[in-house]
>>> print(open('entry38.cif').read())   # mmCIF, C-alpha atoms
data_my_file
#
loop_
_atom_site.label_atom_id
_atom_site.label_comp_id
_atom_site.auth_asym_id
_atom_site.auth_seq_id
_atom_site.Cartn_x
_atom_site.Cartn_y
_atom_site.Cartn_z
CA MET A 27 0.00 0.00 0.00
CA ARG A 28 1.47 3.29 -1.05
CA TYR A 29 -0.25 5.40 1.58
CA LYS A 30 -0.38 4.79 5.29
CA GLU A 31 -3.40 7.01 5.97
CA LYS A 32 -6.00 9.18 4.28
CA SER A 33 -7.92 12.10 5.61
CA PHE A 34 -10.57 14.54 4.49
CA PHE A 35 -8.96 17.87 3.62
CA THR A 36 -9.72 21.16 1.91
CA TYR A 37 -7.26 23.38 0.11
CA GLN A 38 -8.70 26.84 0.43
CA SER A 39 -8.00 29.85 -1.78
CA ASP A 40 -9.55 33.16 -0.73
CA ASN A 41 -9.28 36.17 -2.93
CA PHE A 42 -10.39 39.44 -1.42
CA ASN A 43 -11.46 42.64 -3.12
CA LEU A 44 -10.72 41.49 -6.60
CA SER A 45 -10.69 44.36 -9.01
CA ILE A 46 -11.36 42.05 -11.87
CA LEU A 47 -13.83 44.30 -13.59
CA SER A 48 -14.12 43.67 -17.26
CA GLY A 49 -12.26 46.92 -17.86
CA SER A 50 -8.60 47.38 -17.07
CA ALA A 51 -7.90 44.28 -14.96
CA PRO A 52 -10.25 41.44 -15.73
CA THR A 53 -7.80 38.70 -14.78
CA ALA A 54 -6.13 37.61 -11.55
CA THR A 55 -3.71 34.72 -11.02
CA PHE A 56 -3.01 32.86 -7.78
CA VAL A 57 -0.48 30.22 -6.93
CA SER A 58 -0.42 27.76 -4.05
CA ASN A 59 1.53 24.64 -3.12
CA THR A 60 0.35 21.29 -1.86
CA GLN A 61 1.91 20.19 1.40
CA GLY A 62 4.97 17.99 1.49
CA ASP A 63 3.60 15.21 3.68
CA SER A 64 0.86 13.99 1.38
CA ASP A 65 -0.62 13.71 -2.09
CA PHE A 66 -4.00 15.31 -2.57
CA PHE A 67 -6.95 13.78 -4.43
CA TRP A 68 -9.23 16.62 -5.48
CA GLU A 69 -12.84 15.38 -5.60
CA LYS A 70 -15.27 18.24 -5.01
CA PHE A 71 -15.28 21.96 -5.68
CA ALA A 72 -17.26 24.76 -4.06
CA VAL A 73 -17.21 28.49 -4.69
CA LEU A 74 -18.60 31.34 -2.61
CA ALA A 75 -18.71 34.83 -4.11
CA LEU A 76 -19.87 37.81 -2.09
CA LEU A 77 -20.42 41.32 -3.34
CA PRO A 78 -19.21 44.30 -1.30
CA ASP A 79 -21.62 46.39 0.73
CA PRO A 80 -21.16 50.21 0.77
CA SER A 81 -18.45 49.79 3.42
CA ILE A 82 -16.64 47.27 1.19
CA ILE A 83 -17.42 44.48 3.66
CA PRO A 84 -18.61 41.20 2.15
CA GLN A 85 -22.36 41.35 1.91
CA ALA A 86 -24.15 38.44 3.58
CA THR A 87 -26.81 36.81 1.47
CA THR A 88 -29.45 34.11 1.36
CA ARG A 89 -29.73 30.88 -0.54
CA SER A 90 -31.92 32.38 -3.24
CA GLY A 91 -29.71 35.46 -3.45
CA ASP A 92 -26.53 33.41 -3.80
CA VAL A 93 -24.20 35.08 -6.29
CA VAL A 94 -23.39 33.04 -9.37
CA ALA A 95 -19.92 34.24 -10.24
CA ALA A 96 -19.62 34.84 -13.97
CA VAL A 97 -15.94 34.07 -13.79
CA ASN A 98 -13.87 31.68 -15.86
CA MET A 99 -11.11 29.61 -14.29
CA THR A 100 -7.96 28.05 -15.62
CA LEU A 101 -6.28 25.57 -13.28
CA THR A 102 -2.88 24.10 -14.00
CA ASN A 103 -0.51 22.00 -11.96
CA THR A 104 2.65 23.73 -13.15
CA THR A 105 4.82 21.04 -11.56
CA THR A 106 3.38 18.30 -13.74
CA GLY A 107 2.09 20.55 -16.50
CA ARG A 108 -1.37 19.03 -16.25
CA SER A 109 -4.39 21.31 -16.73
CA LEU A 110 -8.00 20.95 -15.73
CA SER A 111 -9.40 21.93 -19.11
CA ASN A 112 -8.52 22.81 -22.68
CA VAL A 113 -9.85 26.36 -22.30
CA PRO A 114 -11.05 28.35 -19.27
CA VAL A 115 -14.16 26.90 -17.63
CA PRO A 116 -16.99 28.98 -16.09
CA LEU A 117 -17.04 28.51 -12.33
CA PRO A 118 -20.83 27.88 -12.31
CA ASN A 119 -20.26 24.90 -14.61
CA ILE A 120 -17.88 23.05 -12.30
CA ASP A 121 -18.54 24.16 -8.74
CA GLY A 122 -21.12 22.79 -6.32
CA TYR A 123 -20.22 20.99 -3.14
CA LEU A 124 -22.63 18.10 -3.61
CA GLN A 125 -21.07 16.72 -6.76
CA PHE A 126 -18.14 14.39 -6.97
CA GLN A 127 -15.98 14.75 -10.06
CA PRO A 128 -15.90 11.83 -12.47
CA ILE A 129 -12.56 10.80 -11.02
CA PRO A 130 -10.29 12.65 -8.60
CA MET A 131 -7.58 14.91 -9.97
CA ILE A 132 -4.31 14.07 -8.27
CA TRP A 133 -2.09 16.82 -6.97
CA PRO A 134 1.17 15.16 -5.93
CA ARG A 135 2.89 16.55 -2.85
CA ARG A 136 4.81 19.77 -3.31
CA SER A 137 2.92 20.56 -6.50
CA THR A 138 2.37 24.16 -7.49
CA ILE A 139 -1.21 24.89 -8.45
CA GLU A 140 -1.81 27.96 -10.55
CA ILE A 141 -5.32 29.37 -10.82
CA THR A 142 -6.30 32.16 -13.15
CA LEU A 143 -9.69 33.81 -12.80
CA THR A 144 -11.16 35.98 -15.53
CA ASN A 145 -14.27 38.02 -14.97
CA GLU A 146 -16.67 38.20 -17.84
CA SER A 147 -19.35 40.30 -16.18
CA VAL A 148 -19.68 43.99 -15.47
CA PHE A 149 -20.41 45.31 -11.99
CA ALA A 150 -21.33 48.81 -10.99
CA THR A 151 -19.60 48.67 -7.63
CA PRO A 152 -16.75 51.12 -7.04
CA SER A 153 -14.48 48.71 -5.19
CA GLY A 154 -14.37 45.94 -7.71
CA ALA A 155 -16.56 43.11 -8.78
CA PHE A 156 -16.40 40.95 -5.69
CA ALA A 157 -15.57 41.50 -2.05
CA ILE A 158 -14.43 37.91 -1.93
CA ILE A 159 -14.26 34.82 -4.07
CA SER A 160 -13.56 31.73 -2.01
CA LEU A 161 -12.50 28.58 -3.80
CA SER A 162 -12.68 25.36 -1.77
CA PHE A 163 -10.95 22.31 -3.18
CA HIS A 164 -12.29 19.34 -1.21
CA GLY A 165 -10.75 15.91 -1.28
CA GLN A 166 -8.49 13.47 0.44
CA LYS A 167 -5.03 13.95 1.75
CA ALA A 168 -3.07 10.71 1.37
CA PHE A 169 -0.13 10.51 3.74
CA PHE A 170 3.04 8.56 2.94
CA MET B 20 -2.93 -10.83 -4.24
CA LEU B 21 -4.42 -8.48 -6.79
CA PRO B 22 -2.79 -7.98 -10.18
CA MET B 23 -0.45 -4.98 -10.19
CA LYS B 24 -2.67 -2.92 -12.52
CA MET B 25 -5.65 -3.45 -10.26
CA GLN B 26 -3.60 -2.37 -7.24
CA GLN B 27 -2.57 0.79 -9.05
CA ASN B 28 -6.16 1.54 -9.96
CA GLN B 29 -7.16 1.23 -6.35
CA GLN B 30 -4.45 3.65 -5.36
CA MET B 31 -5.36 6.10 -8.08
CA SER B 32 -9.04 6.11 -7.15
CA PRO B 33 -9.24 6.04 -3.37
CA SER B 34 -12.65 7.61 -3.54
CA ALA B 35 -14.15 5.32 -6.10
CA VAL B 36 -17.01 4.79 -3.71
CA GLY B 37 -17.49 8.53 -3.45
CA ALA B 38 -17.30 8.95 -7.19
CA LYS B 39 -20.38 6.78 -7.43
CA GLY B 40 -22.17 9.05 -5.00
CA GLN B 41 -22.06 6.52 -2.21
CA PRO B 42 -19.28 7.56 0.16
CA LEU B 43 -21.23 5.88 2.90
CA GLY B 44 -20.87 2.52 1.22
CA GLN B 45 -18.07 1.78 3.63
CA THR B 46 -19.21 0.64 7.06
CA PRO B 47 -16.21 0.34 9.39
CA TRP B 48 -18.56 0.60 12.37
CA ALA B 49 -20.00 -2.78 11.40
CA ASP B 50 -16.76 -4.51 12.34
CA PRO B 51 -17.73 -6.78 15.26
CA SER B 52 -14.11 -7.04 16.39
CA LEU B 53 -14.10 -3.32 17.16
CA TYR B 54 -17.66 -2.26 17.91
CA THR B 55 -20.68 -3.73 19.66
CA ALA B 56 -23.28 -1.43 18.14
CA ALA B 57 -23.68 1.67 16.01
CA THR B 58 -26.29 4.38 15.72
CA PHE B 59 -27.02 7.52 13.76
CA TYR B 60 -25.86 10.52 15.75
CA VAL B 61 -25.35 14.27 15.47
CA TYR B 62 -22.80 16.31 17.35
CA GLU B 63 -24.25 19.79 17.50
CA VAL B 64 -22.41 22.97 18.38
CA ASP B 65 -24.10 26.37 18.39
CA THR B 66 -23.35 30.00 19.01
CA VAL B 67 -25.61 33.01 19.50
CA ASN B 68 -25.35 36.73 18.83
CA PHE B 69 -22.44 36.29 16.48
CA LEU B 70 -21.34 39.82 15.58
CA ASN B 71 -20.03 40.63 12.13
CA GLN B 72 -16.27 40.88 11.71
CA THR B 73 -15.64 38.91 14.89
CA SER B 74 -14.46 35.39 15.61
CA VAL B 75 -15.56 32.82 18.16
CA PRO B 76 -13.94 29.52 19.19
CA LEU B 77 -16.22 26.54 19.75
CA THR B 78 -15.30 23.11 21.07
CA PHE B 79 -17.01 19.85 21.77
CA GLN B 80 -15.80 16.46 22.91
CA ILE B 81 -16.57 13.04 21.49
CA ALA B 82 -18.27 10.83 24.08
CA GLN B 83 -16.09 8.39 25.96
CA ASP B 84 -18.15 5.31 25.14
CA SER B 85 -17.89 5.52 21.37
CA ASP B 86 -15.98 6.59 18.29
CA PHE B 87 -17.68 8.91 15.83
CA PHE B 88 -17.56 8.63 12.04
CA TRP B 89 -18.25 12.07 10.61
CA THR B 90 -19.97 11.76 7.19
CA LYS B 91 -22.07 14.90 6.60
CA PHE B 92 -22.02 18.54 7.61
CA CYS B 93 -24.82 21.12 7.81
CA ALA B 94 -25.04 24.72 8.99
CA PHE B 95 -28.06 26.80 9.87
CA ALA B 96 -28.16 30.52 10.63
CA LEU B 97 -30.79 33.03 11.67
CA GLU B 98 -30.65 36.80 11.55
CA SER B 99 -32.47 38.54 14.40
CA SER B 100 -34.04 35.20 15.39
CA THR B 101 -36.36 35.60 12.44
CA ALA B 102 -37.87 32.44 11.06
CA THR B 103 -37.16 31.96 7.40
CA SER B 104 -38.21 30.03 4.33
CA ARG B 105 -36.29 27.58 2.23
CA SER B 106 -35.43 30.16 -0.40
CA GLY B 107 -34.75 32.83 2.21
CA ASP B 108 -32.40 30.56 4.12
CA GLN B 109 -29.29 32.42 5.23
CA LEU B 110 -26.00 31.56 3.57
CA PRO B 111 -23.79 32.27 6.58
CA ALA B 112 -20.97 34.57 5.50
CA CYS B 113 -18.70 32.88 8.01
CA THR B 114 -15.58 30.81 7.75
CA ALA B 115 -14.70 27.78 9.85
CA LEU B 116 -11.36 26.26 10.70
CA ILE B 117 -11.94 22.75 12.03
CA ALA B 118 -9.31 20.76 13.90
CA ASN B 119 -9.08 17.69 16.07
CA THR B 120 -6.93 19.09 18.86
CA THR B 121 -6.37 15.62 20.31
CA THR B 122 -4.57 14.38 17.21
CA GLY B 123 -3.51 17.81 15.97
CA ARG B 124 -5.10 17.26 12.60
CA GLN B 125 -6.54 20.30 10.83
CA TYR B 126 -8.99 19.71 8.02
CA SER B 127 -8.17 22.60 5.73
CA SER B 128 -5.25 24.73 4.71
CA ASN B 129 -7.13 27.91 5.65
CA PRO B 130 -10.56 28.67 7.09
CA VAL B 131 -13.32 27.55 4.71
CA PRO B 132 -16.57 29.50 4.13
CA LEU B 133 -19.48 27.58 5.63
CA PRO B 134 -21.53 27.74 2.40
CA ASN B 135 -18.66 25.89 0.70
CA ILE B 136 -18.50 23.07 3.21
CA ALA B 137 -21.88 22.84 4.92
CA GLY B 138 -25.30 22.25 3.41
CA ASN B 139 -28.72 21.63 4.87
CA ALA B 140 -30.68 18.50 5.71
CA GLN B 141 -32.06 18.16 2.21
CA PHE B 142 -28.69 18.74 0.56
CA PRO B 143 -25.99 18.14 3.13
CA PHE B 144 -22.31 18.39 2.38
CA ILE B 145 -21.13 14.79 1.99
CA LEU B 146 -17.50 14.40 2.95
CA PRO B 147 -15.29 12.86 0.27
CA VAL B 148 -14.09 10.40 2.89
CA MET B 149 -15.63 9.72 6.26
CA THR B 150 -13.59 11.06 9.14
CA LEU B 151 -13.00 9.13 12.33
CA TRP B 152 -13.01 11.03 15.59
CA ALA B 153 -11.94 8.66 18.32
CA ALA B 154 -13.62 8.62 21.73
CA THR B 155 -12.75 11.62 23.94
CA SER B 156 -11.32 13.60 21.01
CA VAL B 157 -11.72 17.33 21.35
CA ILE B 158 -12.91 19.08 18.20
CA GLN B 159 -12.29 22.77 17.84
CA ILE B 160 -14.05 25.07 15.39
CA THR B 161 -12.86 28.64 14.97
CA LEU B 162 -15.57 30.70 13.34
CA PHE B 163 -15.11 34.10 11.76
CA ASN B 164 -18.04 36.22 10.63
CA GLU B 165 -16.69 37.93 7.51
CA GLY B 166 -20.03 39.37 6.47
CA ASP B 167 -21.86 42.56 7.24
CA ILE B 168 -24.65 41.21 9.48
CA GLU B 169 -24.96 39.72 12.96
CA TYR B 170 -26.29 36.19 13.22
CA SER B 171 -28.51 35.69 16.24
CA ASN B 172 -28.05 31.94 15.89
CA LEU B 173 -25.43 29.90 14.09
CA GLN B 174 -25.78 26.15 14.43
CA LEU B 175 -23.42 23.51 13.14
CA SER B 176 -24.46 19.87 12.81
CA PHE B 177 -21.79 17.21 12.46
CA ILE B 178 -23.76 14.21 11.25
CA GLY B 179 -22.53 10.66 11.28
CA VAL B 180 -22.40 7.34 13.03
CA LYS B 181 -21.66 6.69 16.67
CA ALA B 182 -19.92 3.35 17.07
CA PHE B 183 -19.79 1.90 20.55
CA SER B 184 -16.43 0.35 21.36
CA LYS B 185 -16.10 -3.21 22.64
#
>>> encode(input="entry38.cif", output="structure tokens")
Amino acid sequence: MRYKEKSFFTYQSDNFNLSILSGSAPTATFVSNTQGDSDFFWEKFAVLALLPDPSIIPQATTRSGDVVAAVNMTLTNTTTGRSLSNVPVPLPNIDGYLQFQPIPMIWPRRSTIEITLTNESVFATPSGAFAIISLSFHGQKAFF
Amino acid sequence: MLPMKMQQNQQMSPSAVGAKGQPLGQTPWADPSLYTAATFYVYEVDTVNFLNQTSVPLTFQIAQDSDFFWTKFCAFALESSTATSRSGDQLPACTALIANTTTGRQYSSNPVPLPNIAGNAQFPFILPVMTLWAATSVIQITLFNEGDIEYSNLQLSFIGVKAFSK
């Protein structure tokens, strides 16, 4: 057996006050590393997007008022060169915490994950499109 | 002994059960060498008057007579103690950092927004892999209200199976 133990785990990427309006800066790129003690099997994906209130604090919402982020995502494991998709994928088409992916995507330990978000909507808020976009990568940590 | 290719497939798809939508297909609590009985159980931890832009630590302890297999997670919030409807259900703009302080294991790299990790009874968040919390484990949840409203009630339900040790 390659792994001695497995555990539920979430790699979390929070991106505050993104000025990814469709004007001057529609794109933002983030990089994170998987931990050195374990491989990660990415199985579920959830996204929370909150708009800013007048004080630029994330605006709480209800289930029916849940923001559907019109944002495209490119995800690449730059260590292995493997990408999630051939072209950027809309977040609403792949997020949702109830669904398991067809098969897990493996992020070996010490991989660098690069995520690029591109906004394709226009917001009238002065501080940027979103107060926060939280990306939650749920899966299993497999320890050596 | 399984053929090598089959072994590799098993390693590459540890959540094959989950991929079929049945992560509960495994039943370790049914092992008679470890447990005498098992029952559905919910560990509930609540907070009240949770101000915006503040944090609160919550803890609870797993009962001494049993291990707990955590399989689902739900969160429920009220604003001003006002009853709500299904569509008007609050999406708590709060993050949670969950850790088993007995083993030292933390379940995320950073705090996770509750709407991304907790559902409701009709559509609960089903964990990719069930998580064992051994008897007497202390579970700590650090909540942060990142939104712009106060929640009069915030209630977290850790749903799973209580397995009574031999």
>>> resolve_selection(input="entry38.cif", expression="the PyMOL selection byres ((chain A) within 9 of (chain B))", output="PyMOL selection string")
chain A and resi 27-29+32-40+67+69-74+76+79+81+83-92+122-130+132+160-162+164-166
>>> atom_distance(input="entry38.cif", atom1="atom CA of A:Asn103", atom2="atom CA of A:Phe42")
22.6 Å
>>> atom_distance(input="entry38.cif", atom1="atom CA of A:Pro114", atom2="atom CA of A:Thr60")
22.0 Å
>>> resolve_selection(input="entry38.cif", expression="the PyMOL selection byres ((chain A and resi 57) around 9)", output="list in words")
Thr55, Phe56, Ser58, Asn59, Thr138, Ile139, Glu140, Ile141 and Thr142 of chain A
>>> atom_distance(input="entry38.cif", atom1="atom CA of B:Asp65", atom2="atom CA of B:Ala118")
16.4 Å
>>> residues_near_point(input="entry38.cif", point="(-28.0, 35.4, 12.8)", cutoff="9 Å", atoms="only C-alpha atoms", output="ChimeraX atom specification")
/B:67-70,96-101,109,111,168-173
>>> residues_around(input="entry38.cif", residues="stretch 46-52 of chain B", least_positions_apart="2", cutoff="9 Å", atoms="all atoms listed in the file", output="list in words")
Leu43, Gly44, Tyr54, Thr55, Ala56, Ala57, Asp86, Phe88, Val180, Lys181, Ala182, Phe183 and Lys185 of chain B
